[in-house]
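Pasted below: coords_4.pdb, PDB, C-alpha atoms.
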```
ATOM      1  CA  MET A  78      11.009  39.602 -46.819  1.00  0.00           C
ATOM      2  CA  ALA A  79       9.184  39.631 -50.140  1.00  0.00           C
ATOM      3  CA  ILE A  80       5.418  39.991 -50.387  1.00  0.00           C
ATOM      4  CA  PRO A  81       3.848  36.957 -52.063  1.00  0.00           C
ATOM      5  CA  LEU A  82       2.866  37.584 -55.679  1.00  0.00           C
ATOM      6  CA  LYS A  83      -0.708  36.503 -54.945  1.00  0.00           C
ATOM      7  CA  ASN A  84      -1.062  39.344 -52.415  1.00  0.00           C
ATOM      8  CA  THR A  85       0.414  41.892 -54.822  1.00  0.00           C
ATOM      9  CA  VAL A  86      -1.961  40.872 -57.609  1.00  0.00           C
ATOM     10  CA  TYR A  87      -4.957  40.946 -55.251  1.00  0.00           C
ATOM     11  CA  GLU A  88      -4.040  44.424 -53.979  1.00  0.00           C
ATOM     12  CA  MET A  89      -3.796  45.720 -57.559  1.00  0.00           C
ATOM     13  CA  ILE A  90      -7.216  44.281 -58.389  1.00  0.00           C
ATOM     14  CA  LYS A  91      -8.695  45.613 -55.145  1.00  0.00           C
ATOM     15  CA  ASP A  92      -7.362  49.126 -55.829  1.00  0.00           C
ATOM     16  CA  ALA A  93      -8.855  49.138 -59.332  1.00  0.00           C
ATOM     17  CA  GLU A  94     -12.072  47.306 -58.259  1.00  0.00           C
ATOM     18  CA  SER A  95     -12.533  46.097 -61.856  1.00  0.00           C
ATOM     19  CA  LEU A  96     -10.132  45.703 -64.772  1.00  0.00           C
ATOM     20  CA  THR A  97      -9.323  43.449 -67.698  1.00  0.00           C
ATOM     21  CA  ASP A  98      -6.626  40.800 -67.722  1.00  0.00           C
ATOM     22  CA  SER A  99      -4.499  42.823 -70.151  1.00  0.00           C
ATOM     23  CA  GLU A 100      -4.749  45.919 -67.932  1.00  0.00           C
ATOM     24  CA  LEU A 101      -3.657  43.872 -64.924  1.00  0.00           C
ATOM     25  CA  SER A 102      -0.785  42.341 -66.866  1.00  0.00           C
ATOM     26  CA  LYS A 103       0.381  45.799 -67.983  1.00  0.00           C
ATOM     27  CA  ALA A 104       0.135  47.098 -64.402  1.00  0.00           C
ATOM     28  CA  LEU A 105       2.281  44.198 -63.191  1.00  0.00           C
ATOM     29  CA  VAL A 106       4.910  44.890 -65.859  1.00  0.00           C
ATOM     30  CA  LYS A 107       4.860  48.571 -64.890  1.00  0.00           C
ATOM     31  CA  GLU A 108       5.629  47.530 -61.287  1.00  0.00           C
ATOM     32  CA  GLY A 109       8.546  45.426 -62.545  1.00  0.00           C
ATOM     33  CA  ILE A 110       6.797  42.081 -62.152  1.00  0.00           C
ATOM     34  CA  VAL A 111       7.017  39.934 -65.268  1.00  0.00           C
ATOM     35  CA  ILE A 112       5.350  36.526 -65.037  1.00  0.00           C
ATOM     36  CA  ALA A 113       4.527  33.864 -67.582  1.00  0.00           C
ATOM     37  CA  GLU A 114       0.954  33.621 -68.862  1.00  0.00           C
ATOM     38  CA  ASP A 115       0.378  30.197 -67.308  1.00  0.00           C
ATOM     39  CA  ARG A 116       1.493  31.455 -63.875  1.00  0.00           C
ATOM     40  CA  PHE A 117      -0.680  34.566 -64.317  1.00  0.00           C
ATOM     41  CA  ASN A 118      -3.691  32.351 -65.059  1.00  0.00           C
ATOM     42  CA  LYS A 119      -2.873  30.158 -62.044  1.00  0.00           C
ATOM     43  CA  LEU A 120      -2.771  33.225 -59.774  1.00  0.00           C
ATOM     44  CA  LEU A 121      -6.157  34.371 -61.048  1.00  0.00           C
ATOM     45  CA  LEU A 122      -7.581  30.874 -60.564  1.00  0.00           C
ATOM     46  CA  ASP A 123      -6.211  30.656 -57.006  1.00  0.00           C
ATOM     47  CA  LEU A 124      -7.687  34.043 -56.089  1.00  0.00           C
ATOM     48  CA  GLU A 125     -11.029  33.048 -57.610  1.00  0.00           C
ATOM     49  CA  ILE A 126     -11.069  29.732 -55.708  1.00  0.00           C
ATOM     50  CA  LEU A 127     -10.368  31.636 -52.482  1.00  0.00           C
ATOM     51  CA  GLY A 128     -13.429  33.760 -53.238  1.00  0.00           C
ATOM     52  CA  LEU A 129     -11.499  37.023 -53.438  1.00  0.00           C
ATOM     53  CA  ILE A 130     -12.097  37.825 -57.112  1.00  0.00           C
ATOM     54  CA  LYS A 131     -14.503  36.990 -59.914  1.00  0.00           C
ATOM     55  CA  VAL A 132     -13.244  36.400 -63.456  1.00  0.00           C
ATOM     56  CA  SER A 133     -15.679  36.535 -66.366  1.00  0.00           C
ATOM     57  CA  TRP A 134     -15.255  36.606 -70.122  1.00  0.00           C
ATOM     58  CA  LEU A 135     -15.961  39.882 -71.943  1.00  0.00           C
ATOM     59  CA  ALA A 136     -14.819  38.760 -75.377  1.00  0.00           C
ATOM     60  CA  LYS A 137     -12.993  35.824 -76.888  1.00  0.00           C
ATOM     61  CA  ASP A 138      -9.594  37.009 -75.637  1.00  0.00           C
ATOM     62  CA  THR A 139     -10.568  39.419 -72.864  1.00  0.00           C
ATOM     63  CA  ARG A 140     -11.440  38.634 -69.261  1.00  0.00           C
ATOM     64  CA  ARG A 141     -12.933  41.000 -66.697  1.00  0.00           C
ATOM     65  CA  ILE A 142     -11.533  40.722 -63.177  1.00  0.00           C
ATOM     66  CA  GLU A 143     -13.534  42.104 -60.258  1.00  0.00           C
ATOM     67  CA  VAL A 144     -13.148  42.110 -56.500  1.00  0.00           C
ATOM     68  CA  VAL A 145     -15.775  40.087 -54.659  1.00  0.00           C
ATOM     69  CA  ILE A 146     -17.446  42.163 -51.978  1.00  0.00           C
ATOM     70  CA  GLN A 147     -17.931  39.959 -48.972  1.00  0.00           C
ATOM     71  CA  GLN A 148     -20.998  40.719 -46.919  1.00  0.00           C
ATOM     72  CA  THR A 149     -21.357  39.470 -43.402  1.00  0.00           C
ATOM     73  CA  GLU A 150     -24.652  37.729 -42.930  1.00  0.00           C
ATOM     74  CA  GLN A 151     -26.229  37.931 -39.506  1.00  0.00           C
ATOM     75  CA  ASP A 152     -28.207  34.948 -38.379  1.00  0.00           C
ATOM     76  CA  VAL A 153     -31.531  35.988 -36.835  1.00  0.00           C
ATOM     77  CA  ILE A 154     -31.646  32.952 -34.543  1.00  0.00           C
ATOM     78  CA  ASP A 155     -28.119  33.569 -33.245  1.00  0.00           C
ATOM     79  CA  GLU A 156     -28.997  37.201 -32.520  1.00  0.00           C
ATOM     80  CA  ALA A 157     -32.157  36.166 -30.636  1.00  0.00           C
ATOM     81  CA  ASN A 158     -30.213  33.572 -28.625  1.00  0.00           C
ATOM     82  CA  LYS A 159     -27.555  36.131 -27.738  1.00  0.00           C
ATOM     83  CA  GLU A 160     -30.169  38.633 -26.530  1.00  0.00           C
ATOM     84  CA  MET A 161     -31.925  35.947 -24.452  1.00  0.00           C
ATOM     85  CA  MET A 162     -28.652  34.870 -22.857  1.00  0.00           C
ATOM     86  CA  GLU A 163     -27.869  38.495 -21.947  1.00  0.00           C
ATOM     87  CA  ARG A 164     -31.318  38.956 -20.362  1.00  0.00           C
ATOM     88  CA  ASP A 165     -30.975  35.683 -18.434  1.00  0.00           C
ATOM     89  CA  TYR A 166     -27.526  36.715 -17.214  1.00  0.00           C
ATOM     90  CA  GLU A 167     -28.756  40.095 -16.027  1.00  0.00           C
ATOM     91  CA  ALA A 168     -31.807  38.520 -14.382  1.00  0.00           C
ATOM     92  CA  SER A 169     -29.613  36.057 -12.453  1.00  0.00           C
ATOM     93  CA  PHE A 170     -28.376  38.797 -10.123  1.00  0.00           C
ATOM     94  CA  PRO A 171     -30.497  39.200  -6.964  1.00  0.00           C
ATOM     95  CA  GLY A 172     -32.173  42.561  -6.615  1.00  0.00           C
ATOM     96  CA  ALA A 173     -31.699  43.415 -10.282  1.00  0.00           C
ATOM     97  CA  GLU A 174     -34.483  45.440 -11.807  1.00  0.00           C
ATOM     98  CA  SER A 175     -35.844  44.445 -15.186  1.00  0.00           C
ATOM     99  CA  ASP A 176     -36.564  47.004 -17.911  1.00  0.00           C
TER     100      ASP A 176
END
```

As structure tokens, please, write out the structure in this file.
Amino acid sequence: MAIPLKNTVYEMIKDAESLTDSELSKALVKEGIVIAEDRFNKLLLDLEILGLIKVSWLAKDTRRIEVVIQQTEQDVIDEANKEMMERDYEASFPGAESD
């Protein structure tokens, strides 16, 4: 079973963390993957829409491709609700001592 090209391209970008479009294209050719420029652009666009990479222009003909670092955001209200539910659960047992 072949690995989808999108996954291969993303893994190459993730390993490098940041590279130009020409460096990525050369790395793909080195791996034996030759794709047309329009398909290459479509792959980059798909990965950017999915929020996995960020593509920005460095010069007229050069693009910088970076991995997007996804941070998990903790909701303060959800955390407080979770703690309250745990305290209520523990307090529901008869003879339980509170801290």

Which residue is closest to Glu94 (chain A)? Choose from A:Glu163, A:Arg141, A:Ala136, A:Leu121 and count all atoms listed in the file. A:Arg141

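Between CA of Asp92 (chain A) and CA of Lys137 (chain A) the separation is 25.5 Å.
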
My list of candidates is A:Val86, A:Glu167, A:Met161, A:Ile130. Which is closest to Glu100 (chain A) when distances are computed with all atoms listed in the file?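 The shortest atom-to-atom distance to Glu100 (chain A) comes from A:Val86.
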
What separation in Å, quoted to one decimal, exists between CA of Ile112 (chain A) and CA of Leu135 (chain A)?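 The value is 22.7 Å.
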
Can you tell me, as a list in words, what residues are no more than 12 Å from Val145 (chain A) when counting only C-alpha atoms, ignoring any on the same chain fewer than 3 positions away? Tyr87, Ile90, Lys91, Glu94, Ser95, Leu124, Glu125, Ile126, Leu127, Gly128, Leu129, Ile130, Lys131, Val132, Ile142 and Gln148 of chain A

For CA of Asp115 (chain A) and CA of Asp98 (chain A), determine how far apart the two atoms are, in Å to one decimal place.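 Between CA of Asp115 (chain A) and CA of Asp98 (chain A) the gap is 12.7 Å.
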
From the set A:Arg140, A:Pro81, A:Ile146, A:Asn158, which residue has the shortest atom-to-atom contact distance to Ser102 (chain A), counting only C-alpha atoms? A:Arg140

Could you check the closest approach to Thr85 (chain A) for each of A:Val153, A:Ala168, A:Leu120, A:Ala113 and tell me which residue wins, using all atoms listed in the file? A:Leu120

From A:Ala104, A:Glu160, A:Ser169, A:Asp152, residue lying nearest Met89 (chain A) [only C-alpha atoms]: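 Result for the nearest residue to Met89 (chain A): A:Ala104.
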